[in-house]
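Trainee: Structure: protein_39.tsv, TSV, C-alpha atoms and all ligand atoms.
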```tsv
chain	number	residue	atom	x	y	z
A	1	MET	CA	32.70	3.07	-49.97
A	2	ALA	CA	36.08	1.41	-49.23
A	3	SER	CA	35.79	-1.95	-47.47
A	4	PRO	CA	36.74	-1.93	-43.76
A	5	SER	CA	39.90	-3.94	-44.53
A	6	LYS	CA	41.00	-1.26	-47.06
A	7	ARG	CA	40.18	1.64	-44.73
A	8	PHE	CA	42.06	0.11	-41.82
A	9	ARG	CA	45.13	-1.07	-43.69
A	10	THR	CA	47.18	1.75	-42.11
A	11	ILE	CA	49.75	-0.25	-40.14
A	12	GLU	CA	50.77	-2.51	-43.04
A	13	HIS	CA	50.72	0.48	-45.42
A	14	HIS	CA	52.78	2.55	-43.01
A	15	LEU	CA	55.49	-0.09	-42.81
A	16	ARG	CA	55.99	0.18	-46.58
A	17	LEU	CA	56.33	3.98	-46.75
A	18	LYS	CA	59.32	5.64	-48.45
A	19	ASP	CA	62.00	7.35	-46.36
A	20	PRO	CA	61.05	10.94	-45.45
A	21	MET	CA	61.57	13.79	-47.89
A	22	VAL	CA	62.33	17.17	-46.34
A	23	VAL	CA	59.63	19.59	-47.53
A	24	CYS	CA	59.71	23.25	-46.46
A	25	VAL	CA	56.76	25.62	-46.96
A	26	THR	CA	57.29	29.38	-46.54
A	27	GLY	CA	54.47	31.78	-45.67
A	28	ALA	CA	53.07	28.83	-43.74
A	29	ALA	CA	50.59	30.84	-41.66
A	30	GLY	CA	49.12	32.47	-44.76
A	31	GLN	CA	45.92	31.67	-46.59
A	32	ILE	CA	47.37	29.54	-49.43
A	33	ALA	CA	49.27	27.40	-46.91
A	34	TYR	CA	46.04	26.77	-45.00
A	35	SER	CA	44.62	25.03	-48.08
A	36	LEU	CA	47.88	23.47	-49.27
A	37	LEU	CA	49.11	21.75	-46.11
A	38	PRO	CA	46.15	19.33	-45.81
A	39	MET	CA	46.60	18.29	-49.46
A	40	LEU	CA	50.29	17.66	-48.81
A	41	GLY	CA	49.40	15.64	-45.70
A	42	ARG	CA	47.03	13.49	-47.71
A	43	GLY	CA	49.76	12.58	-50.20
A	44	LEU	CA	48.26	14.46	-53.16
A	45	ALA	CA	51.59	16.01	-54.20
A	46	LEU	CA	54.28	13.41	-53.55
A	47	GLY	CA	52.26	10.21	-53.38
A	48	THR	CA	50.43	8.41	-50.61
A	49	ASP	CA	53.54	6.35	-49.81
A	50	GLN	CA	55.91	9.29	-49.26
A	51	LEU	CA	56.75	10.30	-45.69
A	52	ILE	CA	57.39	14.02	-45.20
A	53	ASP	CA	59.68	15.80	-42.75
A	54	LEU	CA	57.70	19.06	-42.79
A	55	ARG	CA	59.30	22.42	-42.06
A	56	LEU	CA	57.25	25.60	-41.87
A	57	LEU	CA	58.78	29.07	-42.26
A	58	GLU	CA	57.18	32.37	-41.22
A	59	ILE	CA	58.33	35.82	-40.21
A	60	PRO	CA	58.92	36.30	-36.43
A	61	GLN	CA	55.66	38.31	-36.02
A	62	ALA	CA	53.59	35.39	-37.39
A	63	GLN	CA	55.07	32.67	-35.16
A	64	GLY	CA	52.00	32.74	-32.87
A	65	ALA	CA	49.61	32.14	-35.77
A	66	LEU	CA	51.97	29.49	-37.13
A	67	GLU	CA	51.88	27.67	-33.81
A	68	GLY	CA	48.11	27.46	-34.23
A	69	VAL	CA	48.53	25.99	-37.73
A	70	VAL	CA	50.98	23.44	-36.36
A	71	MET	CA	48.50	22.47	-33.62
A	72	GLU	CA	45.84	21.93	-36.27
A	73	LEU	CA	48.19	19.84	-38.42
A	74	GLN	CA	48.96	17.70	-35.40
A	75	ASP	CA	45.23	17.32	-34.80
A	76	CYS	CA	44.75	16.17	-38.41
A	77	ALA	CA	46.98	13.19	-37.50
A	78	TYR	CA	48.23	12.67	-41.05
A	79	PRO	CA	50.37	9.51	-41.06
A	80	LEU	CA	52.57	10.97	-43.83
A	81	PHE	CA	53.82	13.81	-41.62
A	82	TYR	CA	56.74	12.04	-40.02
A	83	LYS	CA	57.89	15.20	-38.26
A	84	ILE	CA	56.68	18.85	-38.15
A	85	SER	CA	59.01	21.71	-37.24
A	86	TYR	CA	58.72	25.46	-37.64
A	87	GLY	CA	60.55	28.74	-37.17
A	88	SER	CA	61.68	31.95	-38.80
A	89	ASP	CA	65.23	31.21	-39.93
A	90	PRO	CA	65.51	30.05	-43.55
A	91	ALA	CA	69.11	28.91	-42.97
A	92	VAL	CA	67.80	26.37	-40.44
A	93	LEU	CA	64.64	25.27	-42.23
A	94	PHE	CA	66.11	25.07	-45.78
A	95	LYS	CA	69.00	22.86	-44.65
A	96	ASP	CA	69.15	19.76	-46.84
A	97	ALA	CA	65.59	20.37	-48.05
A	98	ASP	CA	64.39	18.19	-50.94
A	99	LEU	CA	61.56	20.54	-51.88
A	100	ILE	CA	60.73	24.13	-50.91
A	101	ILE	CA	57.37	25.68	-51.76
A	102	PHE	CA	57.67	29.47	-51.57
A	103	LEU	CA	54.34	31.01	-50.58
A	104	GLY	CA	55.81	33.68	-48.29
A	105	GLY	CA	55.33	37.25	-49.47
A	106	PHE	CA	52.77	39.99	-49.76
A	107	PRO	CA	49.70	39.47	-51.98
A	108	ARG	CA	48.50	42.32	-54.20
A	109	LYS	CA	45.36	44.28	-53.42
A	110	ALA	CA	42.56	45.31	-55.81
A	111	GLY	CA	43.75	47.66	-58.55
A	112	MET	CA	47.41	46.60	-58.38
A	113	GLU	CA	49.44	44.67	-60.97
A	114	ARG	CA	51.54	41.81	-59.56
A	115	LYS	CA	54.78	43.48	-60.67
A	116	GLU	CA	54.08	46.30	-58.17
A	117	LEU	CA	55.12	43.74	-55.53
A	118	ILE	CA	58.68	43.53	-56.90
A	119	GLY	CA	60.05	46.08	-54.42
A	120	LYS	CA	58.65	44.23	-51.39
A	121	ASN	CA	58.79	40.57	-52.39
A	122	CYS	CA	62.01	40.31	-54.43
A	123	GLN	CA	64.00	41.37	-51.37
A	124	ILE	CA	62.57	38.33	-49.55
A	125	PHE	CA	63.81	36.13	-52.39
A	126	LYS	CA	67.28	37.67	-52.28
A	127	THR	CA	67.55	36.86	-48.55
A	128	GLN	CA	66.08	33.38	-48.96
A	129	GLY	CA	68.22	32.71	-52.05
A	130	GLU	CA	71.35	33.53	-50.08
A	131	ALA	CA	70.25	31.16	-47.28
A	132	LEU	CA	69.46	28.44	-49.79
A	133	ASN	CA	72.86	28.89	-51.40
A	134	LEU	CA	74.50	28.15	-48.05
A	135	VAL	CA	72.43	25.20	-46.83
A	136	GLY	CA	70.59	23.77	-49.86
A	137	LYS	CA	71.56	20.60	-51.74
A	138	PRO	CA	72.31	20.35	-55.47
A	139	THR	CA	69.04	18.40	-55.67
A	140	THR	CA	66.82	20.84	-53.74
A	141	LYS	CA	63.75	21.57	-55.88
A	142	CYS	CA	61.96	24.93	-55.62
A	143	LEU	CA	58.47	26.05	-56.56
A	144	VAL	CA	57.82	29.79	-56.31
A	145	VAL	CA	54.19	30.86	-55.87
A	146	ALA	CA	54.58	34.30	-54.21
A	147	ASN	CA	54.13	37.14	-56.68
A	148	PRO	CA	55.53	38.25	-59.03
A	149	ALA	CA	56.20	34.51	-59.22
A	150	ASN	CA	58.42	34.37	-62.33
A	151	THR	CA	60.66	37.22	-61.27
A	152	ASN	CA	60.85	36.12	-57.62
A	153	CYS	CA	61.93	32.73	-58.94
A	154	LEU	CA	64.59	34.39	-61.08
A	155	ALA	CA	65.86	36.36	-58.05
A	156	LEU	CA	65.92	33.18	-55.97
A	157	SER	CA	67.91	31.24	-58.57
A	158	THR	CA	70.28	34.19	-59.04
A	159	PHE	CA	71.12	34.36	-55.32
A	160	ALA	CA	71.21	30.56	-54.90
A	161	SER	CA	73.67	30.19	-57.77
A	162	ARG	CA	75.12	26.95	-56.36
A	163	ILE	CA	71.82	25.14	-57.07
A	164	PRO	CA	71.24	24.07	-60.71
A	165	LYS	CA	68.90	26.37	-62.65
A	166	GLU	CA	66.60	23.54	-63.66
A	167	ASN	CA	65.64	23.08	-59.98
A	168	PHE	CA	63.77	26.41	-59.96
A	169	THR	CA	60.19	26.66	-61.19
A	170	ALA	CA	57.36	29.20	-60.92
A	171	LEU	CA	53.64	28.50	-60.74
A	172	THR	CA	51.57	29.09	-63.88
A	173	ARG	CA	49.46	25.97	-63.40
A	174	LEU	CA	46.70	28.08	-61.88
A	175	ASP	CA	46.45	29.95	-65.20
A	176	GLN	CA	46.40	26.63	-67.09
A	177	ASN	CA	43.64	25.29	-64.85
A	178	ARG	CA	41.65	28.49	-65.32
A	179	ALA	CA	42.02	28.29	-69.09
A	180	VAL	CA	41.06	24.62	-69.23
A	181	TRP	CA	37.90	25.24	-67.19
A	182	GLN	CA	36.84	28.09	-69.50
A	183	ILE	CA	37.36	25.93	-72.60
A	184	ALA	CA	35.55	22.94	-71.11
A	185	ALA	CA	32.60	25.09	-70.05
A	186	ARG	CA	32.33	26.68	-73.51
A	187	ALA	CA	32.49	23.27	-75.24
A	188	LYS	CA	30.09	21.74	-72.67
A	189	MET	CA	32.67	19.08	-71.86
A	190	ASN	CA	34.47	17.95	-68.73
A	191	VAL	CA	37.95	19.39	-68.04
A	192	ALA	CA	39.36	15.86	-68.29
A	193	HIS	CA	38.62	15.96	-72.04
A	194	ILE	CA	40.79	19.03	-72.67
A	195	SER	CA	44.51	18.72	-73.40
A	196	ARG	CA	47.48	20.74	-74.66
A	197	VAL	CA	46.28	24.18	-73.59
A	198	ILE	CA	49.45	26.22	-73.04
A	199	ILE	CA	50.28	29.21	-70.85
A	200	TRP	CA	53.24	31.13	-72.28
A	201	GLY	CA	55.26	33.68	-70.35
A	202	ASN	CA	54.57	35.61	-67.20
A	203	HIS	CA	52.03	34.92	-64.45
A	204	SER	CA	50.62	38.38	-65.11
A	205	SER	CA	48.13	40.13	-67.32
A	206	THR	CA	50.49	39.71	-70.32
A	207	GLN	CA	50.49	35.91	-70.12
A	208	TYR	CA	49.37	34.17	-73.32
A	209	PRO	CA	46.85	31.34	-72.92
A	210	ASP	CA	47.24	29.50	-76.26
A	211	VAL	CA	44.70	26.98	-77.57
A	212	ASN	CA	46.22	26.52	-81.03
A	213	HIS	CA	47.63	23.07	-80.18
A	214	GLY	CA	44.77	22.14	-77.84
A	215	GLN	CA	42.47	19.18	-78.29
A	216	ILE	CA	39.07	18.11	-77.02
A	217	ALA	CA	38.49	14.37	-76.71
A	218	THR	CA	35.07	12.94	-77.48
A	219	LYS	CA	33.78	9.41	-77.20
A	220	VAL	CA	31.91	8.26	-80.29
A	221	ASP	CA	30.44	4.76	-79.72
A	222	GLU	CA	33.37	3.10	-77.98
A	223	THR	CA	36.10	5.06	-79.78
A	224	ILE	CA	37.78	8.15	-78.35
A	225	THR	CA	38.64	10.76	-80.97
A	226	SER	CA	40.14	14.21	-80.55
A	227	LYS	CA	39.23	17.44	-82.28
A	228	PRO	CA	41.21	20.69	-82.24
A	229	ILE	CA	39.75	23.16	-79.74
A	230	ARG	CA	39.37	25.79	-82.49
A	231	GLU	CA	37.31	23.39	-84.61
A	232	LYS	CA	35.09	22.20	-81.76
A	233	ILE	CA	34.42	25.68	-80.31
A	234	ALA	CA	34.30	27.35	-83.73
A	235	ASP	CA	34.41	30.90	-82.36
A	236	ASN	CA	37.76	32.57	-83.04
A	237	ASN	CA	36.46	35.94	-81.85
A	238	TRP	CA	35.88	34.51	-78.39
A	239	LEU	CA	39.08	32.42	-78.38
A	240	ASN	CA	41.29	35.35	-79.46
A	241	GLY	CA	39.49	37.94	-77.35
A	242	LYS	CA	37.36	37.41	-74.26
A	243	PHE	CA	38.83	33.99	-73.43
A	244	ILE	CA	42.40	35.35	-73.31
A	245	ALA	CA	41.43	38.49	-71.40
A	246	ASP	CA	39.38	36.55	-68.84
A	247	VAL	CA	42.24	34.15	-68.07
A	248	GLN	CA	44.71	37.05	-67.87
A	249	GLN	CA	42.42	38.95	-65.48
A	250	ARG	CA	41.07	36.05	-63.44
A	251	GLY	CA	43.30	36.74	-60.43
A	252	ALA	CA	42.07	40.34	-60.32
A	253	ALA	CA	38.44	39.17	-60.65
A	254	VAL	CA	38.89	36.84	-57.64
A	255	ILE	CA	40.41	39.68	-55.60
A	256	LYS	CA	37.51	41.96	-56.53
A	257	ALA	CA	34.97	39.36	-55.45
A	258	ARG	CA	36.69	37.95	-52.35
A	259	LYS	CA	38.62	41.05	-51.26
A	260	LEU	CA	41.46	38.56	-50.91
A	261	SER	CA	43.60	36.90	-53.55
A	262	SER	CA	42.95	33.34	-54.65
A	263	ALA	CA	44.04	30.75	-52.12
A	264	MET	CA	42.21	27.42	-52.54
A	265	SER	CA	42.76	27.36	-56.31
A	266	ALA	CA	46.39	28.52	-55.92
A	267	ALA	CA	47.06	25.77	-53.39
A	268	SER	CA	45.43	23.16	-55.62
A	269	ALA	CA	47.48	24.32	-58.62
A	270	ALA	CA	50.70	24.20	-56.58
A	271	ILE	CA	49.87	20.62	-55.60
A	272	ASP	CA	49.18	19.77	-59.29
A	273	HIS	CA	52.54	21.32	-60.25
A	274	VAL	CA	54.55	19.38	-57.65
A	275	ARG	CA	52.71	16.10	-58.33
A	276	ASP	CA	53.39	16.32	-62.06
A	277	TRP	CA	57.04	17.35	-61.60
A	278	CYS	CA	57.66	14.54	-59.08
A	279	LEU	CA	55.45	11.70	-60.30
A	280	GLY	CA	55.51	12.57	-64.03
A	281	THR	CA	52.95	13.63	-66.61
A	282	ASN	CA	53.01	10.45	-68.68
A	283	GLY	CA	53.25	12.51	-71.87
A	284	ARG	CA	50.61	15.09	-70.89
A	285	TRP	CA	51.64	18.69	-71.52
A	286	VAL	CA	51.57	21.03	-68.54
A	287	SER	CA	52.71	24.64	-68.18
A	288	MET	CA	55.48	25.61	-65.79
A	289	GLY	CA	57.64	28.70	-65.35
A	290	VAL	CA	61.21	27.44	-65.95
A	291	VAL	CA	64.54	29.09	-66.69
A	292	SER	CA	64.63	29.78	-70.42
A	293	ASP	CA	67.48	28.42	-72.52
A	294	GLY	CA	66.37	30.65	-75.41
A	295	ALA	CA	63.62	28.29	-76.63
A	296	TYR	CA	61.10	30.07	-78.90
A	297	GLY	CA	63.32	33.16	-79.03
A	298	VAL	CA	62.78	34.02	-75.34
A	299	PRO	CA	65.84	35.70	-73.79
A	300	PRO	CA	67.88	33.06	-71.92
A	301	GLY	CA	67.74	33.25	-68.14
A	302	LEU	CA	64.18	34.58	-67.84
A	303	VAL	CA	61.77	32.40	-65.86
A	304	PHE	CA	59.21	31.84	-68.59
A	305	SER	CA	56.15	29.60	-68.70
A	306	TYR	CA	56.45	26.93	-71.40
A	307	PRO	CA	54.62	23.72	-72.24
A	308	VAL	CA	56.61	20.86	-70.70
A	309	VAL	CA	56.40	17.15	-69.97
A	310	CYS	CA	57.82	15.85	-66.68
A	311	GLU	CA	59.30	12.65	-65.36
A	312	ASN	CA	60.94	12.01	-61.98
A	313	TRP	CA	61.73	15.66	-61.13
A	314	THR	CA	62.90	16.60	-64.64
A	315	TRP	CA	60.96	18.80	-67.02
A	316	THR	CA	61.44	18.98	-70.80
A	317	ILE	CA	60.18	21.84	-72.94
A	318	ILE	CA	57.96	20.85	-75.88
A	319	ARG	CA	59.94	22.25	-78.80
A	320	ASP	CA	59.35	23.00	-82.46
A	321	LEU	CA	55.69	23.99	-82.17
A	322	THR	CA	54.57	26.15	-85.08
A	323	LEU	CA	53.57	29.61	-83.88
A	324	ASP	CA	51.40	31.92	-85.98
A	325	GLN	CA	52.04	35.65	-86.02
A	326	PHE	CA	49.40	36.36	-83.35
A	327	SER	CA	51.11	33.90	-80.99
A	328	GLN	CA	54.59	35.23	-81.75
A	329	GLU	CA	53.49	38.77	-80.90
A	330	LYS	CA	51.87	37.67	-77.63
A	331	ILE	CA	54.96	35.67	-76.62
A	332	CYS	CA	57.20	38.66	-77.41
A	333	ALA	CA	55.02	40.99	-75.31
A	334	THR	CA	55.09	38.79	-72.23
A	335	ALA	CA	58.86	38.20	-72.62
A	336	ARG	CA	59.39	41.97	-72.87
A	337	GLU	CA	57.54	42.46	-69.58
A	338	LEU	CA	59.73	39.83	-67.92
A	339	VAL	CA	62.89	41.58	-69.18
A	340	GLU	CA	61.66	44.80	-67.54
A	341	GLU	CA	60.79	42.97	-64.32
A	342	ARG	CA	64.27	41.37	-64.26
A	343	ARG	CA	65.86	44.79	-64.64
A	344	ASP	CA	63.73	46.23	-61.78
A	345	ALA	CA	64.28	43.23	-59.52
A	346	LEU	CA	68.02	42.95	-59.90
A	347	SER	CA	68.82	46.67	-60.01
B	401	LIG	P1	49.01	35.72	-47.15
B	401	LIG	O1	49.28	37.14	-46.86
B	401	LIG	O2	47.76	35.10	-46.63
B	401	LIG	O3	50.22	34.81	-46.64
B	401	LIG	C1	51.53	35.10	-46.93
B	401	LIG	C2	52.34	34.76	-45.71
B	401	LIG	O4	53.72	34.97	-46.03
B	401	LIG	C3	52.02	35.63	-44.49
B	401	LIG	O5	51.61	34.81	-43.42
B	401	LIG	C4	53.33	36.35	-44.20
B	401	LIG	O6	53.59	36.52	-42.81
B	401	LIG	C5	54.34	35.39	-44.84
B	401	LIG	N1	55.62	36.02	-45.15
B	401	LIG	C6	55.89	37.29	-45.52
B	401	LIG	N2	57.22	37.47	-45.64
B	401	LIG	C7	57.80	36.27	-45.37
B	401	LIG	C8	59.14	35.84	-45.32
B	401	LIG	N3	60.15	36.66	-45.57
B	401	LIG	N4	59.38	34.56	-44.99
B	401	LIG	C9	58.35	33.71	-44.71
B	401	LIG	N5	57.07	34.06	-44.73
B	401	LIG	C10	56.78	35.35	-45.05
B	401	LIG	O7	49.12	35.56	-48.72
B	401	LIG	P2	48.64	34.32	-49.62
B	401	LIG	O8	47.28	34.59	-50.08
B	401	LIG	O9	48.93	33.04	-48.94
B	401	LIG	O10	49.57	34.52	-50.90
B	401	LIG	C11	50.95	34.33	-50.82
B	401	LIG	C12	51.63	34.81	-52.10
B	401	LIG	O11	51.22	33.99	-53.20
B	401	LIG	C13	51.29	36.24	-52.50
B	401	LIG	O12	52.46	36.87	-53.00
B	401	LIG	C14	50.27	36.06	-53.62
B	401	LIG	O13	50.23	37.16	-54.47
B	401	LIG	C15	50.82	34.82	-54.30
B	401	LIG	N6	49.91	34.08	-55.16
B	401	LIG	C16	50.43	33.54	-56.29
B	401	LIG	C17	49.64	32.76	-57.13
B	401	LIG	C18	50.21	32.14	-58.38
B	401	LIG	O14	49.44	31.54	-59.14
B	401	LIG	N7	51.50	32.23	-58.66
B	401	LIG	C19	48.30	32.56	-56.80
B	401	LIG	C20	47.79	33.13	-55.63
B	401	LIG	C21	48.62	33.90	-54.81
B	402	LIG	C1	46.18	34.84	-58.87
B	402	LIG	O1	46.42	34.72	-60.07
B	402	LIG	O2	45.06	34.59	-58.40
B	402	LIG	C2	47.28	35.27	-57.94
B	402	LIG	O3	48.43	35.55	-58.63
B	402	LIG	C3	46.86	36.38	-57.05
B	402	LIG	C4	46.79	37.68	-57.77
B	402	LIG	O4	47.41	38.65	-57.32
B	402	LIG	O5	46.10	37.75	-58.79
```
Rewrite the structure from the file as structure tokens, please.
Mentor:
Amino acid sequence: MASPSKRFRTIEHHLRLKDPMVVCVTGAAGQIAYSLLPMLGRGLALGTDQLIDLRLLEIPQAQGALEGVVMELQDCAYPLFYKISYGSDPAVLFKDADLIIFLGGFPRKAGMERKELIGKNCQIFKTQGEALNLVGKPTTKCLVVANPANTNCLALSTFASRIPKENFTALTRLDQNRAVWQIAARAKMNVAHISRVIIWGNHSSTQYPDVNHGQIATKVDETITSKPIREKIADNNWLNGKFIADVQQRGAAVIKARKLSSAMSAASAAIDHVRDWCLGTNGRWVSMGVVSDGAYGVPPGLVFSYPVVCENWTWTIIRDLTLDQFSQEKICATARELVEERRDALS
């Protein structure tokens, strides 16, 4: 347990906090927000020394519920929340934002594919993109979580054309976390031992969870050595079959079991994504949906999940990985789906 002097260091600590960052969360009365906001308040995304000017966006009909969420946030008394405001006008709440986390939108129900939400949710991103274009800053960073996340992110960046493309990202960290857990469980290791598992492409059932570059670290005596995942697990049937299908279908499995889409794990993944983008990965590979520049033959302009490293709000794609034919086909299939989604979203 922390010593009393550490636990009660709040006043001295508070005097050393960084100037507030403006952070806006959309869909703030929804179920992901309910898990995400406490993590943000505890400094898990931007650091425990970063003050936050928090802005919460919801549709007019949800303002009553949002008021309740705001009351609860006040009652949490997080020192990092320097100010909390809320409303339903993106042009007010996005103004000069440093970071916007887009949770607002409709979730899918059992039996649906995420792309069936294009008609409903992409319109939201057109409207919010236009608002962002008017009041955002060239440095405003965006994370899109609402589904279909990659294509909503593409719509947002298209309509907020004044903001640089590299500021727009979509969440595929949940898929990475799911994949890493499955690998760790199969290898009877802890997730901390697993590295370089990649999610390529769309946050959909065509995504490609790729273990070909992945490693599992083991401690032998006092030395840490790494083995390729394929060597350690030694079951290519499982790795090329059930493992991929289970990760691709995990969102649907959660909906079937909970009758609601994932929320706690989505919030945790969004926090992981922002933390790594902001505070850096120190060389660790993570997967993020980013605007393609044509890397690995993916059509430029699509929001595609790649392996990246991050430092101080910049991400860099890991290039020149060797891809076998199986991987190339999977990457082509998920890119093809994103081309179709782009056509449907922007038409
Ligand atoms: P939810 O229905 O509980 O909450 C969504 C909230 O968004 C609602 O409160 C709704 O009023 C609000 N909203 C709708 N339109 C809005 C608008 N124009 N502006 C602001 N707010 C608006 O849903 P949830 O479970 O929190 O999920 C949110 C989204 O995230 C869904 O689209 C879901 O499919 C998606 N999701 C993505 C991932 C991922 O890994 N990318 C994971 C889980 C869920
Ligand atoms: C998930 O992957 O859990 C989310 O995208 C929700 C969904 O619709 O599957």
Trainee: What are the centre and the three edge lengths of an axis-aligned box that wraps all atoms of range 249-252 of chain A in the file, given that 5 Å is added to every side, written as AutoDock Vina command-line options and rounded to one decimal in Å?
Mentor:
```
--center_x 42.2 --center_y 38.2 --center_z -62.9 --size_x 12.2 --size_y 14.3 --size_z 15.2
```
Trainee: Using all atoms listed in the file, find each protein or nucleic acid residue lying at most 8 Å from ligand LIG 401 (chain B); present the set as an NGL selection string.
Mentor: :A and (26-34 or 57-59 or 61-62 or 88 or 90 or 103-108 or 114 or 117 or 121 or 124-125 or 127-128 or 144-149 or 170-175 or 203 or 251 or 260-263 or 265-267 or 269-270)
Trainee: Would you save the residues from that selection as a PDB file, in the frame of the given file, using C-alpha atoms?
Mentor:
```pdb
ATOM      1  CA  THR A  26      57.290  29.380 -46.540  1.00  0.00           C
ATOM      2  CA  GLY A  27      54.470  31.780 -45.670  1.00  0.00           C
ATOM      3  CA  ALA A  28      53.070  28.830 -43.740  1.00  0.00           C
ATOM      4  CA  ALA A  29      50.590  30.840 -41.660  1.00  0.00           C
ATOM      5  CA  GLY A  30      49.120  32.470 -44.760  1.00  0.00           C
ATOM      6  CA  GLN A  31      45.920  31.670 -46.590  1.00  0.00           C
ATOM      7  CA  ILE A  32      47.370  29.540 -49.430  1.00  0.00           C
ATOM      8  CA  ALA A  33      49.270  27.400 -46.910  1.00  0.00           C
ATOM      9  CA  TYR A  34      46.040  26.770 -45.000  1.00  0.00           C
ATOM     10  CA  LEU A  57      58.780  29.070 -42.260  1.00  0.00           C
ATOM     11  CA  GLU A  58      57.180  32.370 -41.220  1.00  0.00           C
ATOM     12  CA  ILE A  59      58.330  35.820 -40.210  1.00  0.00           C
ATOM     13  CA  GLN A  61      55.660  38.310 -36.020  1.00  0.00           C
ATOM     14  CA  ALA A  62      53.590  35.390 -37.390  1.00  0.00           C
ATOM     15  CA  SER A  88      61.680  31.950 -38.800  1.00  0.00           C
ATOM     16  CA  PRO A  90      65.510  30.050 -43.550  1.00  0.00           C
ATOM     17  CA  LEU A 103      54.340  31.010 -50.580  1.00  0.00           C
ATOM     18  CA  GLY A 104      55.810  33.680 -48.290  1.00  0.00           C
ATOM     19  CA  GLY A 105      55.330  37.250 -49.470  1.00  0.00           C
ATOM     20  CA  PHE A 106      52.770  39.990 -49.760  1.00  0.00           C
ATOM     21  CA  PRO A 107      49.700  39.470 -51.980  1.00  0.00           C
ATOM     22  CA  ARG A 108      48.500  42.320 -54.200  1.00  0.00           C
ATOM     23  CA  ARG A 114      51.540  41.810 -59.560  1.00  0.00           C
ATOM     24  CA  LEU A 117      55.120  43.740 -55.530  1.00  0.00           C
ATOM     25  CA  ASN A 121      58.790  40.570 -52.390  1.00  0.00           C
ATOM     26  CA  ILE A 124      62.570  38.330 -49.550  1.00  0.00           C
ATOM     27  CA  PHE A 125      63.810  36.130 -52.390  1.00  0.00           C
ATOM     28  CA  THR A 127      67.550  36.860 -48.550  1.00  0.00           C
ATOM     29  CA  GLN A 128      66.080  33.380 -48.960  1.00  0.00           C
ATOM     30  CA  VAL A 144      57.820  29.790 -56.310  1.00  0.00           C
ATOM     31  CA  VAL A 145      54.190  30.860 -55.870  1.00  0.00           C
ATOM     32  CA  ALA A 146      54.580  34.300 -54.210  1.00  0.00           C
ATOM     33  CA  ASN A 147      54.130  37.140 -56.680  1.00  0.00           C
ATOM     34  CA  PRO A 148      55.530  38.250 -59.030  1.00  0.00           C
ATOM     35  CA  ALA A 149      56.200  34.510 -59.220  1.00  0.00           C
ATOM     36  CA  ALA A 170      57.360  29.200 -60.920  1.00  0.00           C
ATOM     37  CA  LEU A 171      53.640  28.500 -60.740  1.00  0.00           C
ATOM     38  CA  THR A 172      51.570  29.090 -63.880  1.00  0.00           C
ATOM     39  CA  ARG A 173      49.460  25.970 -63.400  1.00  0.00           C
ATOM     40  CA  LEU A 174      46.700  28.080 -61.880  1.00  0.00           C
ATOM     41  CA  ASP A 175      46.450  29.950 -65.200  1.00  0.00           C
ATOM     42  CA  HIS A 203      52.030  34.920 -64.450  1.00  0.00           C
ATOM     43  CA  GLY A 251      43.300  36.740 -60.430  1.00  0.00           C
ATOM     44  CA  LEU A 260      41.460  38.560 -50.910  1.00  0.00           C
ATOM     45  CA  SER A 261      43.600  36.900 -53.550  1.00  0.00           C
ATOM     46  CA  SER A 262      42.950  33.340 -54.650  1.00  0.00           C
ATOM     47  CA  ALA A 263      44.040  30.750 -52.120  1.00  0.00           C
ATOM     48  CA  SER A 265      42.760  27.360 -56.310  1.00  0.00           C
ATOM     49  CA  ALA A 266      46.390  28.520 -55.920  1.00  0.00           C
ATOM     50  CA  ALA A 267      47.060  25.770 -53.390  1.00  0.00           C
ATOM     51  CA  ALA A 269      47.480  24.320 -58.620  1.00  0.00           C
ATOM     52  CA  ALA A 270      50.700  24.200 -56.580  1.00  0.00           C
TER      53      ALA A 270
END
```
Trainee: Which one is closest to ligand LIG 402 (chain B): A:Gln50, A:Gln215, A:Gln249, A:Gln123? Count only C-alpha atoms and all ligand atoms.
Mentor: A:Gln249
Trainee: Using only C-alpha atoms, which of A:Asn282, A:Asn212, A:Thr206, A:Ser226 sits nearest His193 in chain A?
Mentor: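 Answer, going by the shortest atom-to-atom distance: A:Ser226.
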Trainee: Name the residues, using the chain letters and numbers of the file, that sit within 12 Å of (75.1, 31.0, -45.5) when counting only C-alpha atoms, and give them as JSON, numbers by chain.
Mentor: {"A": [89, 90, 91, 92, 94, 95, 127, 128, 129, 130, 131, 132, 133, 134, 135, 136, 159, 160, 162]}
